[in-house]
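Engineer: The structure's right below; bear with me while I get my questions together.
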Amino acid sequence: METKVYEINPESIEKDELKAPAEVLKNGGTVAFPTETVYGLGANALDEKAVKKIFEAKGRPSDNPLIVHISKIEEIDPLVEEIPENAKKIMEKFWPGPITIILKRSHRIPDVITAGLDTVAIRMPSHPIANKLIEMSGVPVAAPSANLSGKPSPTKAEHVIHDLKGKVDVIISGGSCEVGLESTVVDATGSIPMILRPGGVTKEHLEEIFEKVEVDQAIEEGGMDLIPKSPGMKYTHYSPKAEVVIIAGAVEKVVEEINQLKKEKEKLGLRVGIMCTDETKKSYKEGVVISMGSRKDVATIANSLFATLRQFDEKEVDIIYAESIEQKLLGHAVMNRMIKAAGHHVIKIGR
Ligand code: AMP
Ligand code: MG
């Protein structure tokens, strides 16, 4: 399949530039586009055949439901049965933005979107290209991350081109994604909102408007053996080619341990990658050492986590040792993705 790539500057979108991709969406094709979280691979959410193309292009398991994206609040009405008070509060405070809300689905939503669940995930993105494209297409847009299933989510157009060129109709190249992690998924069907996937809108943010916010225990430390409420959370994700191991504990001890492990592995002839932070980078003498960002500003780590994992693929390392970061605020979402990338392989030091 021939994939058309359009370069669009999100800061100065000419209306005509999005006309062709919007037509492709309307007519049942697939379009990858930037959002403020990660790049998404979109198709008309009400067209079952179009949605199936997404699963095919990504190699996504059919029991992993998709998020439906809208450009204006009114567009939600035909998609859901009701909008409870909790959902309204989240929409008012955080939309457009990096949070997805789970609601009771309407009969209009095809089963292929929800994997047979009686709920549907809805988000209104703030990225100007995403927002305008959805509006111009005139349809709700189903869009999971625009990567091959299992690989790190794409935060730059080059990642999408690498994974999906030849498999989709259009790729819009529109710069890098601001948040860099997928949206927070929150279930608003019950009396207390529950986070099913941590993301750009944190638990602390939600606690500004709710007295109580729950987190699905299956995604918390020690919840590995529980079945997650969000079906996608059970899959291996974000995996670069190399094995990833997280070293957790006090920072100085972590650095010491990684240097020791590196020595041991290199003796065995393996190529070692080290995923560190700006503050610790100088503590690693040589080798493939890449910083994820600064511990003083976890947003920088969120922003480059997936790109960093992809960089290690290019360097062809055999094993990656990653420093853990503090699991608070956005660090919760970062560690959630890192732990998945590591297939839960975490070595804890000094505890
Ligand atoms: P992605 O679009 O690739 O970031 O994945 C979408 C995420 O939303 C996956 O983890 C899905 O399991 C989750 N999701 C989508 N629809 C639902 C739903 N109805 N209930 C719970 N989780 C959902
Ligand atoms: Mg994904």
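The chains in the structure tokens are called A, B, ... from first to last as shown; in each chain the residues are counted from 1, and the ligands are counted from 1 in the order shown.
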Distance table requested - chain A against ligand 2, cut-off 8 Å, only C-alpha atoms and all ligand atoms: one row per qualifying residue with the closest atom pair and its distance in Å to one decimal, ordered by chain and rising residue number, as a tab-separated table.
Structural biologist:
residue	atom	partner	partner_atom_place_in_ligand_line	distance
A:Pro144	CA	ligand 2	1 (Mg)	5.4
A:Ser145	CA	ligand 2	1 (Mg)	4.3
A:Ala146	CA	ligand 2	1 (Mg)	7.3
A:Asn147	CA	ligand 2	1 (Mg)	7.1
A:Ser149	CA	ligand 2	1 (Mg)	6.9
A:Gly150	CA	ligand 2	1 (Mg)	7.8
A:Ser153	CA	ligand 2	1 (Mg)	6.0
A:Glu182	CA	ligand 2	1 (Mg)	7.4
A:Gly232	CA	ligand 2	1 (Mg)	7.9
A:His237	CA	ligand 2	1 (Mg)	7.8
Engineer: So which residues are near ligand 1, meaning at most 6 Å away with only C-alpha atoms and all ligand atoms counted, given back as JSON, numbers by chain?
Structural biologist: {"A": [64, 65, 66, 67, 102, 114, 117, 119, 120, 121, 143, 144, 145, 182, 229, 230, 231, 232, 233]}
Engineer: How close does range 107-152 of chain A get to range 36-41 of chain A? List, as a tab-separated table, each residue of range 107-152 of chain A within 12 Å, its nearest atom pair and the distance in Å to one decimal, counting only C-alpha atoms.
Structural biologist:
residue	atom	partner	partner_atom	distance
A:Arg123	CA	A:Thr37	CA	11.3
A:Met124	CA	A:Glu36	CA	10.6
A:Pro125	CA	A:Glu36	CA	7.0
A:Ser126	CA	A:Glu36	CA	6.5
A:His127	CA	A:Glu36	CA	5.2
A:Pro128	CA	A:Glu36	CA	8.9
A:Ile129	CA	A:Glu36	CA	9.6
A:Ala130	CA	A:Glu36	CA	8.5
A:Asn131	CA	A:Glu36	CA	10.3
A:Leu133	CA	A:Gly40	CA	12.0
A:Ile134	CA	A:Gly40	CA	11.9
A:Val141	CA	A:Leu41	CA	9.2
A:Ala142	CA	A:Leu41	CA	7.8
A:Ala143	CA	A:Leu41	CA	4.9
A:Pro144	CA	A:Gly40	CA	5.4
A:Ser145	CA	A:Gly40	CA	4.3
A:Ala146	CA	A:Leu41	CA	4.5
A:Asn147	CA	A:Leu41	CA	8.1
A:Leu148	CA	A:Leu41	CA	10.4
A:Ser149	CA	A:Leu41	CA	11.7
A:Pro152	CA	A:Val38	CA	10.2
Engineer: Save the residues we just selected, N, CA, C and O atoms, as a PDB file, in the first residue's frame?
Structural biologist:
ATOM      1  N   ARG A 123     -12.074  10.446  24.217  1.00  0.00           N
ATOM      2  CA  ARG A 123     -11.136  11.532  24.548  1.00  0.00           C
ATOM      3  C   ARG A 123     -11.276  12.683  23.564  1.00  0.00           C
ATOM      4  O   ARG A 123     -11.541  12.454  22.378  1.00  0.00           O
ATOM      5  N   MET A 124     -11.059  13.873  24.062  1.00  0.00           N
ATOM      6  CA  MET A 124     -10.992  15.056  23.199  1.00  0.00           C
ATOM      7  C   MET A 124      -9.573  15.611  23.273  1.00  0.00           C
ATOM      8  O   MET A 124      -9.188  16.212  24.285  1.00  0.00           O
ATOM      9  N   PRO A 125      -8.766  15.384  22.228  1.00  0.00           N
ATOM     10  CA  PRO A 125      -7.372  15.839  22.272  1.00  0.00           C
ATOM     11  C   PRO A 125      -7.244  17.348  22.068  1.00  0.00           C
ATOM     12  O   PRO A 125      -8.086  17.971  21.424  1.00  0.00           O
ATOM     13  N   SER A 126      -6.154  17.914  22.604  1.00  0.00           N
ATOM     14  CA  SER A 126      -5.951  19.369  22.489  1.00  0.00           C
ATOM     15  C   SER A 126      -5.009  19.734  21.350  1.00  0.00           C
ATOM     16  O   SER A 126      -4.935  20.897  20.966  1.00  0.00           O
ATOM     17  N   HIS A 127      -4.273  18.771  20.828  1.00  0.00           N
ATOM     18  CA  HIS A 127      -3.301  19.093  19.770  1.00  0.00           C
ATOM     19  C   HIS A 127      -4.038  19.704  18.576  1.00  0.00           C
ATOM     20  O   HIS A 127      -5.038  19.151  18.113  1.00  0.00           O
ATOM     21  N   PRO A 128      -3.545  20.847  18.066  1.00  0.00           N
ATOM     22  CA  PRO A 128      -4.293  21.536  17.002  1.00  0.00           C
ATOM     23  C   PRO A 128      -4.493  20.688  15.738  1.00  0.00           C
ATOM     24  O   PRO A 128      -5.549  20.796  15.094  1.00  0.00           O
ATOM     25  N   ILE A 129      -3.517  19.865  15.378  1.00  0.00           N
ATOM     26  CA  ILE A 129      -3.695  19.038  14.167  1.00  0.00           C
ATOM     27  C   ILE A 129      -4.778  17.982  14.429  1.00  0.00           C
ATOM     28  O   ILE A 129      -5.694  17.793  13.624  1.00  0.00           O
ATOM     29  N   ALA A 130      -4.683  17.305  15.575  1.00  0.00           N
ATOM     30  CA  ALA A 130      -5.664  16.265  15.908  1.00  0.00           C
ATOM     31  C   ALA A 130      -7.068  16.868  15.938  1.00  0.00           C
ATOM     32  O   ALA A 130      -8.018  16.345  15.340  1.00  0.00           O
ATOM     33  N   ASN A 131      -7.182  17.974  16.641  1.00  0.00           N
ATOM     34  CA  ASN A 131      -8.490  18.587  16.828  1.00  0.00           C
ATOM     35  C   ASN A 131      -9.127  19.002  15.503  1.00  0.00           C
ATOM     36  O   ASN A 131     -10.291  18.698  15.218  1.00  0.00           O
ATOM     37  N   LEU A 133      -8.289  18.008  12.446  1.00  0.00           N
ATOM     38  CA  LEU A 133      -8.486  16.855  11.556  1.00  0.00           C
ATOM     39  C   LEU A 133      -9.795  16.134  11.881  1.00  0.00           C
ATOM     40  O   LEU A 133     -10.575  15.788  10.983  1.00  0.00           O
ATOM     41  N   ILE A 134     -10.052  15.917  13.172  1.00  0.00           N
ATOM     42  CA  ILE A 134     -11.277  15.231  13.586  1.00  0.00           C
ATOM     43  C   ILE A 134     -12.486  16.075  13.195  1.00  0.00           C
ATOM     44  O   ILE A 134     -13.456  15.576  12.620  1.00  0.00           O
ATOM     45  N   VAL A 141     -13.292   9.632  15.687  1.00  0.00           N
ATOM     46  CA  VAL A 141     -12.110   8.935  15.164  1.00  0.00           C
ATOM     47  C   VAL A 141     -11.521   7.971  16.203  1.00  0.00           C
ATOM     48  O   VAL A 141     -11.066   8.399  17.268  1.00  0.00           O
ATOM     49  N   ALA A 142     -11.555   6.674  15.877  1.00  0.00           N
ATOM     50  CA  ALA A 142     -10.910   5.672  16.734  1.00  0.00           C
ATOM     51  C   ALA A 142      -9.421   5.760  16.476  1.00  0.00           C
ATOM     52  O   ALA A 142      -8.998   5.778  15.317  1.00  0.00           O
ATOM     53  N   ALA A 143      -8.620   5.863  17.536  1.00  0.00           N
ATOM     54  CA  ALA A 143      -7.183   6.004  17.301  1.00  0.00           C
ATOM     55  C   ALA A 143      -6.347   5.480  18.455  1.00  0.00           C
ATOM     56  O   ALA A 143      -6.190   6.148  19.467  1.00  0.00           O
ATOM     57  N   PRO A 144      -5.796   4.272  18.316  1.00  0.00           N
ATOM     58  CA  PRO A 144      -4.793   3.814  19.277  1.00  0.00           C
ATOM     59  C   PRO A 144      -3.440   4.410  18.895  1.00  0.00           C
ATOM     60  O   PRO A 144      -3.341   5.120  17.887  1.00  0.00           O
ATOM     61  N   SER A 145      -2.421   4.160  19.678  1.00  0.00           N
ATOM     62  CA  SER A 145      -1.099   4.668  19.344  1.00  0.00           C
ATOM     63  C   SER A 145      -0.649   4.103  17.996  1.00  0.00           C
ATOM     64  O   SER A 145      -0.928   2.948  17.667  1.00  0.00           O
ATOM     65  N   ALA A 146       0.076   4.948  17.221  1.00  0.00           N
ATOM     66  CA  ALA A 146       0.427   4.586  15.843  1.00  0.00           C
ATOM     67  C   ALA A 146       1.756   3.835  15.756  1.00  0.00           C
ATOM     68  O   ALA A 146       2.655   4.205  15.011  1.00  0.00           O
ATOM     69  N   ASN A 147       1.860   2.765  16.546  1.00  0.00           N
ATOM     70  CA  ASN A 147       3.063   1.932  16.522  1.00  0.00           C
ATOM     71  C   ASN A 147       2.650   0.500  16.212  1.00  0.00           C
ATOM     72  O   ASN A 147       1.467   0.177  16.283  1.00  0.00           O
ATOM     73  N   LEU A 148       3.629  -0.353  15.873  1.00  0.00           N
ATOM     74  CA  LEU A 148       3.321  -1.783  15.792  1.00  0.00           C
ATOM     75  C   LEU A 148       3.031  -2.243  17.210  1.00  0.00           C
ATOM     76  O   LEU A 148       3.684  -1.808  18.164  1.00  0.00           O
ATOM     77  N   SER A 149       2.046  -3.095  17.370  1.00  0.00           N
ATOM     78  CA  SER A 149       1.651  -3.576  18.695  1.00  0.00           C
ATOM     79  C   SER A 149       2.874  -4.138  19.428  1.00  0.00           C
ATOM     80  O   SER A 149       3.654  -4.888  18.841  1.00  0.00           O
ATOM     81  N   PRO A 152       7.417   0.477  21.570  1.00  0.00           N
ATOM     82  CA  PRO A 152       7.174   1.745  22.272  1.00  0.00           C
ATOM     83  C   PRO A 152       6.270   2.661  21.444  1.00  0.00           C
ATOM     84  O   PRO A 152       6.391   2.716  20.217  1.00  0.00           O
TER      85      PRO A 152
END
Engineer: From the options A:Leu181, A:Ala43, A:Val289, A:Ile13, which residue's atoms come nearest to Asn336 in chain A, counting only C-alpha atoms?
Structural biologist: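 Checking each of A:Leu181, A:Ala43, A:Val289, A:Ile13 against Asn336 in chain A, counting only C-alpha atoms, the winner is A:Leu181.
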Engineer: Would you please give, as a ChimeraX atom specification, all residues of range 91-334 of chain A that DSSP assigns to helix (DSSP H, G or I) based on the backbone?
Structural biologist: /A:91-94,111-114,128-137,157-164,203-207,217-219,231-234,251-267,281-283,298-314,330-334
Engineer: Within 12 Å of Phe94 in chain A, counting only C-alpha atoms, which residues qualify if same-chain residues fewer than 5 places away don't, as a list of chain:residue names?
Structural biologist: A:Ala87, A:Lys88, A:Lys89, A:Ile99, A:Thr100, A:Ile101, A:Arg123, A:Met124, A:Pro125, A:Ser126, A:Ser183, A:Thr184, A:Val186, A:Gly200, A:Val201, A:Thr202, A:His205, A:Leu206, A:Glu208, A:Ile209
Engineer: Could you dump the residues just selected with all heavy atoms as a compact mmCIF listing (two decimals), in the first residue's frame?
Structural biologist:
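Okay, this is what ended up in result_36.txt:
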# COMPACT_ATOMS: atom_id res chain seq x y z
N ALA A 87 -18.14 12.38 35.19
CA ALA A 87 -17.56 12.54 33.84
C ALA A 87 -17.61 14.00 33.42
O ALA A 87 -16.65 14.53 32.87
CB ALA A 87 -18.32 11.67 32.85
N LYS A 88 -18.73 14.66 33.72
CA LYS A 88 -18.86 16.09 33.35
C LYS A 88 -17.76 16.92 34.01
O LYS A 88 -17.17 17.79 33.39
CB LYS A 88 -20.24 16.61 33.79
CG LYS A 88 -21.32 16.20 32.83
CD LYS A 88 -22.64 16.88 33.16
CE LYS A 88 -23.76 16.19 32.39
NZ LYS A 88 -25.02 16.14 33.11
N LYS A 89 -17.50 16.61 35.29
CA LYS A 89 -16.47 17.37 36.02
C LYS A 89 -15.09 17.18 35.37
O LYS A 89 -14.32 18.13 35.23
CB LYS A 89 -16.40 16.89 37.48
CG LYS A 89 -17.46 17.54 38.36
CD LYS A 89 -17.55 16.87 39.71
CE LYS A 89 -16.59 17.43 40.74
NZ LYS A 89 -16.87 16.86 42.09
N ILE A 99 -6.63 13.01 28.85
CA ILE A 99 -7.36 12.07 29.70
C ILE A 99 -8.55 11.48 28.94
O ILE A 99 -9.30 12.20 28.26
CB ILE A 99 -7.80 12.72 31.04
CG1 ILE A 99 -8.44 11.66 31.96
CG2 ILE A 99 -8.74 13.89 30.83
CD1 ILE A 99 -8.48 12.05 33.42
N THR A 100 -8.67 10.15 29.04
CA THR A 100 -9.73 9.39 28.37
C THR A 100 -10.74 8.95 29.41
O THR A 100 -10.35 8.51 30.49
CB THR A 100 -9.10 8.14 27.70
OG1 THR A 100 -8.19 8.59 26.69
CG2 THR A 100 -10.13 7.22 27.10
N ILE A 101 -12.03 9.07 29.07
CA ILE A 101 -13.08 8.74 30.04
C ILE A 101 -13.86 7.51 29.55
O ILE A 101 -14.27 7.43 28.39
CB ILE A 101 -14.04 9.94 30.21
CG1 ILE A 101 -13.23 11.21 30.53
CG2 ILE A 101 -15.05 9.66 31.33
CD1 ILE A 101 -14.06 12.47 30.63
N ARG A 123 -12.07 10.45 24.22
CA ARG A 123 -11.14 11.53 24.55
C ARG A 123 -11.28 12.68 23.56
O ARG A 123 -11.54 12.45 22.38
CB ARG A 123 -9.69 11.01 24.51
CG ARG A 123 -8.66 12.06 24.91
CD ARG A 123 -7.32 11.42 25.20
NE ARG A 123 -6.40 11.42 24.07
CZ ARG A 123 -5.59 12.44 23.76
NH1 ARG A 123 -5.60 13.54 24.47
NH2 ARG A 123 -4.76 12.35 22.73
N MET A 124 -11.06 13.87 24.06
CA MET A 124 -10.99 15.06 23.20
C MET A 124 -9.57 15.61 23.27
O MET A 124 -9.19 16.21 24.28
CB MET A 124 -12.00 16.12 23.65
CG MET A 124 -11.93 17.36 22.80
SD MET A 124 -13.47 18.31 22.86
CE MET A 124 -13.21 19.27 24.29
N PRO A 125 -8.77 15.38 22.23
CA PRO A 125 -7.37 15.84 22.27
C PRO A 125 -7.24 17.35 22.07
O PRO A 125 -8.09 17.97 21.42
CB PRO A 125 -6.70 15.08 21.12
CG PRO A 125 -7.78 14.62 20.23
CD PRO A 125 -9.07 14.62 21.01
N SER A 126 -6.15 17.91 22.60
CA SER A 126 -5.95 19.37 22.49
C SER A 126 -5.01 19.73 21.35
O SER A 126 -4.93 20.90 20.97
CB SER A 126 -5.39 19.92 23.80
OG SER A 126 -4.10 19.37 24.03
N SER A 183 -2.65 8.75 27.08
CA SER A 183 -3.57 9.42 27.99
C SER A 183 -3.85 8.61 29.26
O SER A 183 -3.74 7.38 29.27
CB SER A 183 -4.90 9.65 27.27
OG SER A 183 -5.45 8.41 26.86
N THR A 184 -4.20 9.32 30.30
CA THR A 184 -4.75 8.69 31.50
C THR A 184 -6.09 8.07 31.10
O THR A 184 -6.84 8.69 30.36
CB THR A 184 -5.03 9.78 32.56
OG1 THR A 184 -3.84 10.52 32.75
CG2 THR A 184 -5.52 9.19 33.88
N VAL A 186 -9.61 6.88 32.73
CA VAL A 186 -10.35 6.91 34.00
C VAL A 186 -11.78 6.42 33.78
O VAL A 186 -12.44 6.82 32.82
CB VAL A 186 -10.32 8.33 34.64
CG1 VAL A 186 -10.99 9.37 33.78
CG2 VAL A 186 -10.93 8.33 36.03
N GLY A 200 -0.89 11.50 31.52
CA GLY A 200 -0.57 12.93 31.62
C GLY A 200 -1.37 13.67 32.69
O GLY A 200 -0.86 14.58 33.33
N VAL A 201 -2.63 13.30 32.87
CA VAL A 201 -3.41 13.87 33.99
C VAL A 201 -3.21 12.91 35.16
O VAL A 201 -3.58 11.74 35.09
CB VAL A 201 -4.90 14.00 33.64
CG1 VAL A 201 -5.70 14.44 34.85
CG2 VAL A 201 -5.10 14.99 32.49
N THR A 202 -2.61 13.40 36.25
CA THR A 202 -2.21 12.50 37.33
C THR A 202 -3.32 12.33 38.36
O THR A 202 -4.31 13.07 38.36
CB THR A 202 -0.96 13.08 38.06
OG1 THR A 202 -1.35 14.32 38.65
CG2 THR A 202 0.18 13.32 37.09
N HIS A 205 -3.82 15.47 40.12
CA HIS A 205 -4.67 16.42 39.38
C HIS A 205 -6.15 16.12 39.62
O HIS A 205 -6.95 17.01 39.86
CB HIS A 205 -4.42 16.32 37.86
CG HIS A 205 -3.13 16.90 37.42
ND1 HIS A 205 -2.31 16.28 36.48
CD2 HIS A 205 -2.49 18.04 37.76
CE1 HIS A 205 -1.25 17.02 36.28
NE2 HIS A 205 -1.32 18.09 37.03
N LEU A 206 -6.52 14.84 39.56
CA LEU A 206 -7.92 14.45 39.74
C LEU A 206 -8.39 14.74 41.16
O LEU A 206 -9.55 15.08 41.39
CB LEU A 206 -8.12 12.97 39.38
CG LEU A 206 -8.10 12.68 37.88
CD1 LEU A 206 -7.92 11.19 37.61
CD2 LEU A 206 -9.38 13.17 37.21
N GLU A 208 -7.76 17.19 42.80
CA GLU A 208 -8.13 18.61 42.94
C GLU A 208 -9.64 18.80 42.78
O GLU A 208 -10.20 19.76 43.27
CB GLU A 208 -7.41 19.46 41.89
CG GLU A 208 -5.92 19.62 42.16
CD GLU A 208 -5.20 20.25 40.98
OE1 GLU A 208 -5.85 20.88 40.13
OE2 GLU A 208 -3.97 20.08 40.92
N ILE A 209 -10.30 17.87 42.06
CA ILE A 209 -11.74 18.04 41.87
C ILE A 209 -12.59 16.93 42.50
O ILE A 209 -13.80 17.04 42.53
CB ILE A 209 -12.12 18.19 40.36
CG1 ILE A 209 -11.60 17.01 39.53
CG2 ILE A 209 -11.62 19.50 39.80
CD1 ILE A 209 -12.21 16.96 38.13
Engineer: Which residue gives the smallest distance to Ser191 in chain A among A:Glu85, A:Glu178, A:Asp77, A:Asp297, with only C-alpha atoms counted?
Structural biologist: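 Closest candidate: A:Glu85.
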Engineer: Within 12 Å of Lys285 in chain A, counting only C-alpha atoms, which residues qualify if same-chain residues fewer than 4 places away don't, as a VMD selection string?
Structural biologist: chain A and resid 255 to 256 258 to 260 262 to 263 274 280 to 281 289
Engineer: Record the distance separating CA of Glu323 in chain A and CA of Arg197 in chain A, expressed in Å with one decimal.
Structural biologist: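 Interatomic distance here is 21.6 Å.
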Engineer: Contacts between range 310-321 of chain A and range 209-302 of chain A, please, where a residue of range 209-302 of chain A counts if it comes within 9 Å (with only C-alpha atoms); show its shortest atom pair and distance in Å to one decimal, rows by chain and ascending number, as CSV.
Structural biologist:
residue,atom,partner,partner_atom,distance
A:Ser239,CA,A:Arg310,CA,8.8
A:Pro240,CA,A:Asp313,CA,6.0
A:Lys241,CA,A:Asp313,CA,6.0
A:Ala242,CA,A:Asp318,CA,4.9
A:Glu243,CA,A:Ile319,CA,4.8
A:Val244,CA,A:Ile320,CA,4.7
A:Val245,CA,A:Tyr321,CA,5.0
A:Ile246,CA,A:Tyr321,CA,5.8
A:Ile247,CA,A:Tyr321,CA,6.9
A:Ile258,CA,A:Tyr321,CA,6.6
A:Leu261,CA,A:Tyr321,CA,8.5
A:Lys262,CA,A:Tyr321,CA,8.3
A:Lys265,CA,A:Ile319,CA,8.6
A:Leu270,CA,A:Asp318,CA,6.1
A:Arg271,CA,A:Val317,CA,4.9
A:Val272,CA,A:Ile319,CA,5.2
A:Gly273,CA,A:Ile320,CA,4.5
A:Ile274,CA,A:Tyr321,CA,5.0
A:Met275,CA,A:Tyr321,CA,6.0
A:Cys276,CA,A:Tyr321,CA,8.4
A:Val288,CA,A:Lys315,CA,7.5
A:Ile290,CA,A:Phe312,CA,8.3
Engineer: Excluding Leu329 in chain A and its own-chain neighbours fewer than 4 positions away, which residues fall within 8 Å of it when counting only C-alpha atoms? Please give them as a list in words.
Structural biologist: Thr202, Lys203, Glu204 and Ala333 of chain A
Engineer: Selection from above, N, CA and C atoms, as a PDB file, in the first residue's frame, can you write it?
Structural biologist:
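Full text of result38.pdb as output:
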ATOM      1  N   THR A 202      -2.610  13.404  36.246  1.00  0.00           N
ATOM      2  CA  THR A 202      -2.206  12.505  37.331  1.00  0.00           C
ATOM      3  C   THR A 202      -3.320  12.334  38.364  1.00  0.00           C
ATOM      4  N   LYS A 203      -3.113  11.372  39.276  1.00  0.00           N
ATOM      5  CA  LYS A 203      -4.064  11.155  40.370  1.00  0.00           C
ATOM      6  C   LYS A 203      -4.196  12.452  41.179  1.00  0.00           C
ATOM      7  N   GLU A 204      -3.050  13.112  41.389  1.00  0.00           N
ATOM      8  CA  GLU A 204      -3.048  14.366  42.164  1.00  0.00           C
ATOM      9  C   GLU A 204      -3.897  15.425  41.465  1.00  0.00           C
ATOM     10  N   ALA A 333       3.045   7.441  36.032  1.00  0.00           N
ATOM     11  CA  ALA A 333       2.818   6.993  34.655  1.00  0.00           C
ATOM     12  C   ALA A 333       4.122   6.545  33.999  1.00  0.00           C
TER      13      ALA A 333
END
